[in-house]
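Source file: input_18.tsv. Holds: TSV, C-alpha atoms and all ligand atoms.
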chain	number	residue	atom	x	y	z
N	260	MET	CA	48.09	45.57	59.12
N	261	SER	CA	44.64	46.22	60.61
N	262	LYS	CA	42.04	47.86	58.45
N	263	PHE	CA	40.22	49.61	61.30
N	264	ALA	CA	40.78	50.93	64.82
N	265	ARG	CA	37.99	49.58	67.02
N	266	ILE	CA	36.95	50.52	70.54
N	267	ILE	CA	37.18	47.42	72.74
N	268	GLY	CA	36.71	49.06	76.13
N	269	THR	CA	35.41	52.28	77.66
N	270	GLY	CA	35.80	53.79	81.12
N	271	SER	CA	35.18	57.02	82.99
N	272	TYR	CA	35.49	58.69	86.34
N	273	LEU	CA	33.90	61.70	88.03
N	274	PRO	CA	35.22	63.19	91.29
N	275	PRO	CA	32.63	62.69	94.06
N	276	GLU	CA	31.96	66.36	94.95
N	277	ILE	CA	28.88	67.73	93.18
N	278	VAL	CA	28.17	71.46	92.78
N	279	THR	CA	24.55	72.16	91.81
N	280	ASN	CA	23.17	75.26	90.14
N	281	ASN	CA	21.59	76.19	93.46
N	282	ASP	CA	25.01	75.95	95.12
N	283	LEU	CA	26.40	78.39	92.52
N	284	SER	CA	23.51	80.79	93.05
N	285	LYS	CA	24.70	81.25	96.65
N	286	THR	CA	27.99	82.81	95.52
N	287	ILE	CA	27.22	84.44	92.14
N	288	ASP	CA	24.24	86.32	90.75
N	289	THR	CA	22.53	83.46	88.90
N	290	SER	CA	19.75	80.90	89.36
N	291	ASP	CA	18.99	77.26	88.62
N	292	GLU	CA	16.21	78.46	86.30
N	293	TRP	CA	18.59	80.65	84.23
N	294	ILE	CA	21.34	78.03	83.96
N	295	SER	CA	18.96	75.13	83.22
N	296	SER	CA	17.00	76.99	80.54
N	297	ARG	CA	20.06	78.51	78.80
N	298	THR	CA	22.40	75.50	79.00
N	299	GLY	CA	20.61	72.33	80.17
N	300	ILE	CA	23.20	71.95	82.93
N	301	LYS	CA	21.92	71.11	86.44
N	302	GLN	CA	25.13	70.15	88.23
N	303	ARG	CA	28.84	69.44	87.73
N	304	HIS	CA	31.50	67.39	89.54
N	305	ILE	CA	34.49	69.27	90.93
N	306	VAL	CA	37.83	67.98	92.20
N	307	SER	CA	39.05	68.69	95.70
N	308	THR	CA	42.62	67.33	95.81
N	309	GLU	CA	42.51	65.01	92.78
N	310	THR	CA	44.71	65.77	89.78
N	311	THR	CA	44.02	65.36	86.07
N	312	CYS	CA	46.21	62.22	86.24
N	313	ASP	CA	44.21	60.82	89.18
N	314	LEU	CA	40.94	61.12	87.23
N	315	ALA	CA	42.55	59.69	84.10
N	316	GLN	CA	43.96	56.72	86.01
N	317	ILE	CA	40.57	55.47	87.21
N	318	ALA	CA	38.93	56.04	83.79
N	319	ALA	CA	41.83	54.22	82.10
N	320	GLU	CA	41.72	51.27	84.51
N	321	ASN	CA	37.97	50.91	83.91
N	322	ALA	CA	38.50	50.93	80.14
N	323	LEU	CA	41.35	48.39	80.34
N	324	GLU	CA	39.19	46.13	82.50
N	325	MET	CA	36.34	46.23	79.97
N	326	ALA	CA	38.79	45.62	77.13
N	327	GLY	CA	40.22	42.64	79.02
N	328	ILE	CA	43.83	43.68	78.51
N	329	LYS	CA	46.68	44.59	80.84
N	330	SER	CA	48.36	48.00	80.79
N	331	THR	CA	51.62	46.31	79.76
N	332	GLU	CA	49.98	45.24	76.50
N	333	LEU	CA	49.44	48.87	75.41
N	334	ASP	CA	51.54	50.20	72.53
N	335	LEU	CA	50.66	53.88	73.02
N	336	ILE	CA	48.86	56.27	75.39
N	337	ILE	CA	47.41	59.58	74.16
N	338	LEU	CA	45.97	61.87	76.82
N	339	ALA	CA	43.87	64.80	75.63
N	340	THR	CA	43.83	67.58	78.20
N	341	THR	CA	43.64	71.34	78.53
N	342	THR	CA	44.53	71.15	82.20
N	343	PRO	CA	47.76	69.14	82.50
N	344	ASP	CA	49.10	68.66	86.01
N	345	LYS	CA	52.43	70.25	85.14
N	346	ILE	CA	53.97	72.21	82.26
N	347	PHE	CA	56.22	69.17	81.99
N	348	PRO	CA	56.41	66.21	82.07
N	349	ALA	CA	53.35	65.33	80.05
N	350	THR	CA	50.47	64.14	82.23
N	351	ALA	CA	50.35	61.09	79.93
N	352	THR	CA	53.73	59.96	81.28
N	353	LEU	CA	52.49	60.38	84.88
N	354	LEU	CA	49.53	58.23	83.88
N	355	GLN	CA	51.76	55.65	82.18
N	356	THR	CA	53.56	55.04	85.47
N	357	ALA	CA	50.37	55.17	87.54
N	358	ILE	CA	48.74	52.36	85.53
N	359	GLY	CA	51.97	50.34	85.17
N	360	ALA	CA	52.28	50.70	81.39
N	361	THR	CA	55.62	50.81	79.58
N	362	CYS	CA	54.64	52.20	76.15
N	363	PRO	CA	55.22	55.74	74.80
N	364	ALA	CA	52.78	58.33	76.12
N	365	PHE	CA	52.06	61.90	75.12
N	366	ASP	CA	49.57	64.71	75.78
N	367	LEU	CA	47.47	66.29	73.07
N	368	GLN	CA	45.91	69.73	73.39
N	369	ALA	CA	42.89	70.63	71.27
N	370	VAL	CA	40.68	71.86	74.13
N	371	CYS	CA	37.11	70.51	73.86
N	372	ALA	CA	37.96	68.77	70.57
N	373	GLY	CA	40.91	67.02	72.24
N	374	PHE	CA	39.34	63.58	72.47
N	375	ILE	CA	38.34	63.61	68.77
N	376	PHE	CA	41.88	64.73	67.80
N	377	ALA	CA	43.40	62.01	70.02
N	378	LEU	CA	41.10	59.32	68.65
N	379	THR	CA	41.95	60.35	65.10
N	380	THR	CA	45.68	60.27	65.91
N	381	ALA	CA	45.40	56.83	67.52
N	382	GLU	CA	43.51	55.58	64.47
N	383	GLN	CA	46.45	56.54	62.24
N	384	TYR	CA	48.94	54.66	64.45
N	385	ILE	CA	46.79	51.54	64.27
N	386	LYS	CA	46.03	51.72	60.55
N	387	THR	CA	49.70	52.14	59.65
N	388	GLY	CA	50.66	49.18	61.85
N	389	ALA	CA	52.74	51.35	64.20
N	390	ALA	CA	50.53	50.31	67.14
N	391	GLU	CA	47.96	47.59	67.84
N	392	LYS	CA	46.52	48.59	71.22
N	393	VAL	CA	46.14	52.29	72.12
N	394	LEU	CA	44.67	53.94	75.23
N	395	VAL	CA	42.99	57.29	74.48
N	396	ILE	CA	41.86	59.45	77.37
N	397	GLY	CA	40.23	62.83	77.87
N	398	SER	CA	40.81	64.12	81.40
N	399	GLU	CA	40.21	67.59	82.81
N	400	THR	CA	40.33	69.57	86.02
N	401	LEU	CA	38.81	72.66	84.41
N	402	SER	CA	37.64	73.96	87.80
N	403	ARG	CA	41.25	75.14	88.27
N	404	ILE	CA	41.01	77.59	85.35
N	405	VAL	CA	37.45	78.78	85.96
N	406	ASP	CA	36.96	82.21	87.49
N	407	TRP	CA	34.31	81.27	90.06
N	408	ASN	CA	33.22	84.93	90.26
N	409	ASP	CA	32.45	85.13	86.52
N	410	ARG	CA	28.83	84.02	86.07
N	411	SER	CA	29.17	83.84	82.28
N	412	THR	CA	31.64	80.93	82.50
N	413	ALA	CA	31.48	79.46	86.03
N	414	ILE	CA	28.10	77.88	85.33
N	415	LEU	CA	29.34	75.82	82.38
N	416	PHE	CA	32.31	73.70	83.32
N	417	GLY	CA	33.05	70.57	85.35
N	418	ASP	CA	35.80	68.02	86.00
N	419	GLY	CA	36.03	64.38	84.92
N	420	ALA	CA	37.72	61.81	82.72
N	421	GLY	CA	36.74	59.32	80.03
N	422	ALA	CA	38.84	56.70	78.26
N	423	VAL	CA	38.72	54.15	75.47
N	424	VAL	CA	40.99	51.28	74.49
N	425	LEU	CA	41.39	50.91	70.74
N	426	SER	CA	42.57	47.77	69.02
N	427	GLY	CA	43.39	46.88	65.43
N	428	SER	CA	40.44	45.12	63.79
N	429	ASN	CA	39.47	43.91	60.35
N	430	GLU	CA	35.78	44.59	60.89
N	431	GLY	CA	33.97	47.47	62.54
N	432	GLY	CA	35.76	50.35	64.16
N	433	ILE	CA	36.39	53.87	62.90
N	434	LEU	CA	34.94	54.27	59.41
N	435	HIS	CA	35.62	57.98	58.92
N	436	SER	CA	37.38	60.74	60.83
N	437	LYS	CA	38.08	64.37	60.16
N	438	ILE	CA	39.74	67.16	62.15
N	439	LEU	CA	39.83	70.90	61.36
N	440	SER	CA	41.26	74.06	62.90
N	441	ASP	CA	40.84	77.78	62.39
N	442	GLY	CA	43.01	79.81	64.74
N	443	LYS	CA	41.59	83.25	64.19
N	444	TYR	CA	39.05	83.10	67.03
N	445	LEU	CA	41.39	83.85	69.96
N	446	SER	CA	39.14	86.58	71.32
N	447	ALA	CA	36.04	84.35	71.35
N	448	LEU	CA	37.44	81.81	73.79
N	449	GLN	CA	40.76	81.65	75.59
N	450	VAL	CA	42.55	81.40	78.89
N	451	ASN	CA	43.66	84.95	79.53
N	452	ASN	CA	47.28	84.44	80.56
N	453	ASN	CA	50.04	85.64	78.25
N	454	TYR	CA	52.80	83.60	79.80
N	455	ILE	CA	52.62	79.98	80.58
N	456	ASN	CA	53.70	80.48	84.21
N	457	GLN	CA	50.88	82.92	85.00
N	458	THR	CA	47.58	81.67	86.31
N	459	GLY	CA	44.81	82.49	83.88
N	460	PHE	CA	41.08	81.99	83.66
N	461	ILE	CA	38.65	81.09	80.88
N	462	GLN	CA	37.31	84.14	79.01
N	463	MET	CA	34.53	83.64	76.52
N	464	SER	CA	32.17	85.41	74.19
N	465	GLY	CA	29.29	82.97	74.71
N	466	ASN	CA	27.11	84.09	71.79
N	467	GLU	CA	29.93	83.90	69.27
N	468	VAL	CA	31.03	80.47	70.49
N	469	PHE	CA	27.43	79.29	70.34
N	470	LYS	CA	26.93	80.30	66.71
N	471	ILE	CA	30.27	78.90	65.52
N	472	ALA	CA	29.70	75.60	67.36
N	473	VAL	CA	26.28	75.07	65.78
N	474	SER	CA	27.35	76.00	62.28
N	475	SER	CA	30.71	74.13	62.26
N	476	LEU	CA	29.42	70.92	63.80
N	477	SER	CA	26.21	70.81	61.72
N	478	THR	CA	28.18	71.25	58.49
N	479	LEU	CA	30.75	68.65	59.57
N	480	ALA	CA	28.03	66.14	60.51
N	481	GLU	CA	26.41	66.55	57.09
N	482	GLU	CA	29.76	66.20	55.30
N	483	THR	CA	30.72	63.16	57.37
N	484	LEU	CA	27.49	61.35	56.57
N	485	LYS	CA	27.84	62.27	52.89
N	486	SER	CA	31.45	61.00	52.75
N	487	CYS	CA	30.27	57.66	54.14
N	488	GLY	CA	27.28	57.48	51.77
N	489	MET	CA	24.98	57.45	54.79
N	490	THR	CA	21.90	59.29	55.97
N	491	ALA	CA	21.21	60.39	59.54
N	492	GLU	CA	18.54	57.67	59.83
N	493	GLN	CA	21.32	55.07	59.62
N	494	LEU	CA	22.96	56.43	62.77
N	495	ASP	CA	22.16	54.58	65.97
N	496	TRP	CA	23.60	57.28	68.23
N	497	MET	CA	25.14	60.71	68.17
N	498	VAL	CA	27.63	61.28	71.00
N	499	PRO	CA	28.33	65.02	70.84
N	500	HIS	CA	30.58	67.23	72.94
N	501	GLN	CA	28.50	68.27	75.95
N	502	ALA	CA	28.66	72.09	75.99
N	503	ASN	CA	25.08	73.35	75.85
N	504	ILE	CA	21.79	71.52	75.23
N	505	ARG	CA	20.71	74.26	72.80
N	506	ILE	CA	23.82	73.63	70.66
N	507	ILE	CA	23.07	69.89	70.64
N	508	VAL	CA	19.38	70.40	69.81
N	509	ALA	CA	20.21	72.79	66.95
N	510	ILE	CA	22.68	70.32	65.39
N	511	ALA	CA	20.34	67.35	65.80
N	512	LYS	CA	17.54	69.34	64.18
N	513	ARG	CA	19.70	70.39	61.24
N	514	ILE	CA	20.82	66.82	60.49
N	515	LYS	CA	17.29	65.53	61.20
N	516	THR	CA	18.22	63.25	64.09
N	517	PRO	CA	15.67	62.81	66.88
N	518	LEU	CA	16.94	63.73	70.35
N	519	ASP	CA	16.26	60.21	71.64
N	520	LYS	CA	19.19	59.10	69.48
N	521	VAL	CA	21.54	61.60	71.10
N	522	ILE	CA	23.51	60.78	74.26
N	523	ILE	CA	23.16	63.69	76.70
N	524	THR	CA	25.06	63.86	79.99
N	525	LEU	CA	25.63	67.60	80.33
N	526	ASP	CA	22.76	67.92	82.81
N	527	LYS	CA	24.84	65.92	85.31
N	528	HIS	CA	28.42	66.59	84.17
N	529	GLY	CA	28.46	70.14	82.75
N	530	ASN	CA	31.10	70.79	80.08
N	531	THR	CA	34.14	68.65	80.87
N	532	SER	CA	36.03	69.70	77.70
N	533	ALA	CA	38.20	66.83	76.36
N	534	ALA	CA	36.54	64.41	78.77
N	535	SER	CA	32.95	65.07	77.74
N	536	ILE	CA	32.65	62.73	74.74
N	537	PRO	CA	34.36	59.65	76.26
N	538	LEU	CA	32.42	60.24	79.50
N	539	ALA	CA	29.10	60.30	77.62
N	540	LEU	CA	30.16	57.27	75.58
N	541	ASP	CA	31.04	55.26	78.69
N	542	VAL	CA	27.79	56.17	80.45
N	543	ALA	CA	25.73	54.95	77.47
N	544	VAL	CA	27.81	51.79	76.96
N	545	ARG	CA	27.50	50.83	80.62
N	546	ASP	CA	23.76	51.54	80.85
N	547	GLY	CA	23.20	49.37	77.78
N	548	ARG	CA	22.00	51.99	75.30
N	549	ILE	CA	25.07	51.68	73.05
N	550	GLN	CA	25.49	48.11	71.81
N	551	LYS	CA	28.22	46.34	69.87
N	552	GLY	CA	27.77	46.72	66.10
N	553	GLN	CA	25.89	50.03	66.31
N	554	THR	CA	26.88	53.08	64.27
N	555	LEU	CA	27.92	56.17	66.25
N	556	LEU	CA	28.77	59.73	65.27
N	557	LEU	CA	31.11	61.52	67.70
N	558	GLU	CA	31.60	65.28	67.28
N	559	GLY	CA	33.37	67.99	69.22
N	560	ILE	CA	34.53	71.60	69.00
N	561	GLY	CA	36.75	73.70	71.22
N	562	ALA	CA	38.71	76.91	71.43
N	563	GLY	CA	40.97	77.86	68.56
N	564	PHE	CA	38.66	76.83	67.06
N	565	SER	CA	39.45	73.17	66.53
N	566	TRP	CA	36.73	70.68	65.70
N	567	GLY	CA	36.26	67.20	64.35
N	568	SER	CA	34.12	64.11	63.94
N	569	VAL	CA	34.53	60.35	64.09
N	570	LEU	CA	32.00	57.96	62.60
N	571	LEU	CA	32.42	54.42	63.86
N	572	LYS	CA	30.92	50.97	64.17
N	573	PHE	CA	31.08	50.23	67.89
W	1	LIG	N1	22.98	83.93	85.32
W	1	LIG	C1	22.09	84.90	85.08
W	1	LIG	N2	22.22	85.80	84.09
W	1	LIG	C2	23.29	85.69	83.30
W	1	LIG	C3	24.27	84.69	83.49
W	1	LIG	C4	24.08	83.80	84.56
W	1	LIG	N3	24.93	82.77	84.81
W	1	LIG	N4	25.22	84.82	82.54
W	1	LIG	C5	24.86	85.87	81.78
W	1	LIG	N5	23.71	86.40	82.25
W	1	LIG	C6	22.97	87.54	81.72
W	1	LIG	C7	23.82	88.47	80.89
W	1	LIG	O1	24.47	89.40	81.72
W	1	LIG	C8	22.77	89.10	79.99
W	1	LIG	O2	22.12	90.09	80.71
W	1	LIG	P1	21.64	91.45	79.98
W	1	LIG	O3	20.62	91.02	78.97
W	1	LIG	O4	21.06	92.24	81.11
W	1	LIG	O5	22.87	92.05	79.37
W	1	LIG	C9	21.75	87.98	79.75
W	1	LIG	O6	21.97	87.05	80.83
W	1	LIG	C10	21.93	87.28	78.42
W	1	LIG	O7	23.30	86.94	78.26
W	1	LIG	P2	23.82	86.17	77.01
W	1	LIG	O8	25.30	86.01	77.11
W	1	LIG	O9	23.27	86.81	75.76
W	1	LIG	O10	23.10	84.75	77.18
W	1	LIG	P3	23.04	83.53	76.20
W	1	LIG	O11	21.64	83.16	75.94
W	1	LIG	O12	23.95	83.69	75.01
W	1	LIG	O13	23.64	82.37	77.08
W	1	LIG	C11	25.65	81.09	77.32
W	1	LIG	C12	24.97	82.44	77.53
W	1	LIG	C13	24.91	80.06	78.15
W	1	LIG	C14	27.08	81.19	77.79
W	1	LIG	C15	25.55	80.70	75.83
W	1	LIG	O14	25.96	81.78	75.01
W	1	LIG	C16	26.41	79.50	75.52
W	1	LIG	O15	26.24	78.43	76.07
W	1	LIG	N6	27.33	79.66	74.57
W	1	LIG	C17	28.22	78.57	74.21
W	1	LIG	C18	29.43	78.67	75.05
W	1	LIG	C19	30.05	77.35	75.36
W	1	LIG	O16	29.45	76.30	75.27
W	1	LIG	N7	31.29	77.43	75.75
W	1	LIG	C20	31.99	76.27	76.19
W	1	LIG	C21	33.38	76.21	75.71
W	1	LIG	S1	33.46	75.98	73.95
W	1	LIG	C22	32.70	74.61	73.65
W	1	LIG	O17	32.73	73.72	74.46
W	1	LIG	C23	31.99	74.47	72.40

Give the structure from the file, written as structure tokens.
Amino acid sequence: MSKFARIIGTGSYLPPEIVTNNDLSKTIDTSDEWISSRTGIKQRHIVSTETTCDLAQIAAENALEMAGIKSTELDLIILATTTPDKIFPATATLLQTAIGATCPAFDLQAVCAGFIFALTTAEQYIKTGAAEKVLVIGSETLSRIVDWNDRSTAILFGDGAGAVVLSGSNEGGILHSKILSDGKYLSALQVNNNYINQTGFIQMSGNEVFKIAVSSLSTLAEETLKSCGMTAEQLDWMVPHQANIRIIVAIAKRIKTPLDKVIITLDKHGNTSAASIPLALDVAVRDGRIQKGQTLLLEGIGAGFSWGSVLLKF
């Protein structure tokens, strides 16, 4: 049985269409200055006809290629998404067929914490010996549940996908993981449909979400480091959920991590929910910032609230 679950490949994909803050200011009462200063976001990618599965497929194929394994060698696929293509079947099974895999595949829904929850689940399969090679993806077409007339939410979100291939390993890999949920915050952040067959849109109390995100993720980062007997100086990189630069700065400040050790992609991607962490990870792996053997802290929070962290040796 393997001691650790280790990332052996990363991949991502963004749909080609870019919507800038200036583009948004033509249809809603906002400005690039307001959005940039309050969120750090400058642009986001938006799908035209692509589905959540389409985005996931390209991200997954990129990750498999880096890992040097074929899709038929996978033992499990876990797809974190808030925006599945259908109520059923699971988008993960659509993806399984699209990439030519034969293993079990399921969706996991923990909104913006989805990738952390999926990674943690995959880790358990590998550590118990139930699986050796697992594909974990975060893929979202959030633009389909954004009310493009609501300036308080339309400025934040984007579409995209990120993926990792995990393998059993006796050195390196995930050293610590933790997931948490507290379901009493329905009114702070939700999609406003009561029935699953009604179209709904994201509704959010931005200030409340902001405060909870900073406080939950800062506390979790401190606890994670403490559990591992580590200090923030021993981290090579933080790869946080990309929601708002002010949330990221506040957490980095509280755990005394300089911003040049934090991977930031929200300026170009916006908030891509479950896709944001694996997207940021893949960008930094491919541009050479994240190197094999380095220590990374991944953290995310989403509606519910659900939140979690993974500390790993890359
Ligand atoms: N353009 C211009 N003005 C705006 C806009 C806009 N897009 N949106 C709101 N305003 C106005 C408001 O109407 C308000 O005007 P008023 O003072 O006349 O009433 C003013 O700007 C201030 O509004 P606030 O909501 O207080 O602005 P705040 O500084 O809190 O920023 C924001 C709002 C950016 C949404 C912030 O609260 C935030 O990012 N919160 C976190 C939310 C988040 O990240 N959600 C993602 C999902 S959950 C997750 O991923 C963690």

Please determine an axis-aligned box that encloses all atoms of ligand LIG 1 (chain W) listed in the file, with 3 Å added on each side, and express its centre and edge lengths in Å to one decimal as JSON.
{"center_x": 27.0, "center_y": 83.0, "center_z": 78.9, "size_x": 18.8, "size_y": 24.5, "size_z": 18.9}

Selection as a ChimeraX atom specification: residues within 8 Å of ligand LIG 1 (chain W) by all atoms listed in the file: /N:287-290,293-294,297-298,371,410-416,448,463-470,472,500-503,505-506,530,532,559-562

Option closest in space to N:Leu425, from N:Ala511, N:Leu378, N:Ile277, N:Leu540 [counting all atoms listed in the file]: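 Nearest to N:Leu425: N:Leu378.
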
Which of N:Phe376, N:Trp566, N:Tyr384, N:Phe365 sits closest to N:Pro348 [using all atoms listed in the file]: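 For N:Pro348, the nearest of the given residues is N:Phe365.
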
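Computed from the coordinates, the atom CA of N:Ser440 to atom CA of N:Ser565 distance equals 4.2 Å.
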
Atom CA of N:Ser271 to atom CA of N:Leu479, distance in Å rounded to a single decimal: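 Distance reported for this atom pair: 26.5 Å.
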
Å distance separating atom CA of N:His435 from atom CA of N:Cys487, one decimal place: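 Between atom CA of N:His435 and atom CA of N:Cys487 the gap is 7.2 Å.
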
Polymer residues at most 6 Å from N:Asn451, all atoms listed in the file, same-chain spacing of 2 or more positions, as a list of chain:residue names: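 The contact residues come out as N:Gln449, N:Gly459, N:Phe460.
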
Pick from N:Ala377, N:Ile266, N:Leu525, N:Leu283, whichever lies nearest to N:Leu555 using all atoms listed in the file: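 Closest to N:Leu555, using all atoms listed in the file: N:Ile266.
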
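Look at N:Ser307: the protein and nucleic acid residues within 9 Å of it, using all atoms listed in the file and passing over chain neighbours fewer than 4 places away, are Pro274, Pro275 and Glu276 of chain N.
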
Stretch 385-399 of chain N environment, 6 Å, all atoms listed in the file, sequence neighbours closer than 3 positions dropped, as a PyMOL selection string: chain N and resi 260-262+311+315+333-340+342+374+382+418-427+533-534

Best match for closeness to N:Ser446 among N:Phe347, N:Met497, N:Arg303, N:Ile461, counting all atoms listed in the file: N:Ile461

Missing atoms in stretch 382-407 of chain N: can you complete it with N, CA and C atoms, as a short mmCIF file (atom, residue, chain, number, x, y, z; two decimals), in the frame of the given file?
data_model
loop_
_atom_site.label_atom_id
_atom_site.label_comp_id
_atom_site.auth_asym_id
_atom_site.auth_seq_id
_atom_site.Cartn_x
_atom_site.Cartn_y
_atom_site.Cartn_z
N GLU N 382 43.96 56.35 65.64
CA GLU N 382 43.51 55.58 64.47
C GLU N 382 44.64 55.45 63.44
N GLN N 383 45.37 56.56 63.23
CA GLN N 383 46.45 56.54 62.24
C GLN N 383 47.57 55.57 62.66
N TYR N 384 47.92 55.58 63.96
CA TYR N 384 48.94 54.66 64.45
C TYR N 384 48.53 53.21 64.20
N ILE N 385 47.25 52.92 64.42
CA ILE N 385 46.79 51.54 64.27
C ILE N 385 46.72 51.15 62.80
N LYS N 386 46.19 52.06 61.97
CA LYS N 386 46.03 51.72 60.55
C LYS N 386 47.36 51.58 59.81
N THR N 387 48.39 52.28 60.30
CA THR N 387 49.70 52.14 59.65
C THR N 387 50.50 50.96 60.22
N GLY N 388 49.95 50.32 61.25
CA GLY N 388 50.66 49.18 61.85
C GLY N 388 51.68 49.59 62.90
N ALA N 389 51.77 50.88 63.20
CA ALA N 389 52.74 51.35 64.20
C ALA N 389 52.31 50.98 65.62
N ALA N 390 51.03 50.72 65.81
CA ALA N 390 50.53 50.31 67.14
C ALA N 390 49.33 49.39 66.93
N GLU N 391 49.10 48.52 67.92
CA GLU N 391 47.96 47.59 67.84
C GLU N 391 46.93 47.93 68.93
N LYS N 392 47.43 48.28 70.11
CA LYS N 392 46.52 48.59 71.22
C LYS N 392 46.86 49.98 71.76
N VAL N 393 45.89 50.89 71.72
CA VAL N 393 46.14 52.29 72.12
C VAL N 393 45.09 52.72 73.16
N LEU N 394 45.56 53.36 74.21
CA LEU N 394 44.67 53.94 75.23
C LEU N 394 44.51 55.43 74.92
N VAL N 395 43.28 55.87 74.74
CA VAL N 395 42.99 57.29 74.48
C VAL N 395 42.12 57.81 75.62
N ILE N 396 42.57 58.91 76.20
CA ILE N 396 41.86 59.45 77.37
C ILE N 396 41.60 60.94 77.17
N GLY N 397 40.46 61.39 77.69
CA GLY N 397 40.23 62.83 77.87
C GLY N 397 40.07 63.05 79.36
N SER N 398 40.90 63.90 79.95
CA SER N 398 40.81 64.12 81.40
C SER N 398 41.01 65.60 81.69
N GLU N 399 40.16 66.14 82.56
CA GLU N 399 40.21 67.59 82.81
C GLU N 399 39.92 67.94 84.27
N THR N 400 40.66 68.91 84.76
CA THR N 400 40.33 69.57 86.02
C THR N 400 40.12 71.06 85.70
N LEU N 401 39.08 71.30 84.90
CA LEU N 401 38.81 72.66 84.41
C LEU N 401 38.49 73.63 85.54
N SER N 402 38.01 73.08 86.67
CA SER N 402 37.64 73.96 87.80
C SER N 402 38.83 74.82 88.22
N ARG N 403 40.05 74.37 87.88
CA ARG N 403 41.25 75.14 88.27
C ARG N 403 41.48 76.37 87.38
N ILE N 404 40.83 76.41 86.21
CA ILE N 404 41.01 77.59 85.35
C ILE N 404 39.70 78.36 85.15
N VAL N 405 38.71 78.04 86.00
CA VAL N 405 37.45 78.78 85.96
C VAL N 405 37.52 79.91 86.98
N ASP N 406 37.10 81.10 86.56
CA ASP N 406 36.96 82.21 87.49
C ASP N 406 35.58 82.05 88.15
N TRP N 407 35.58 81.60 89.39
CA TRP N 407 34.31 81.27 90.06
C TRP N 407 33.49 82.50 90.40
#
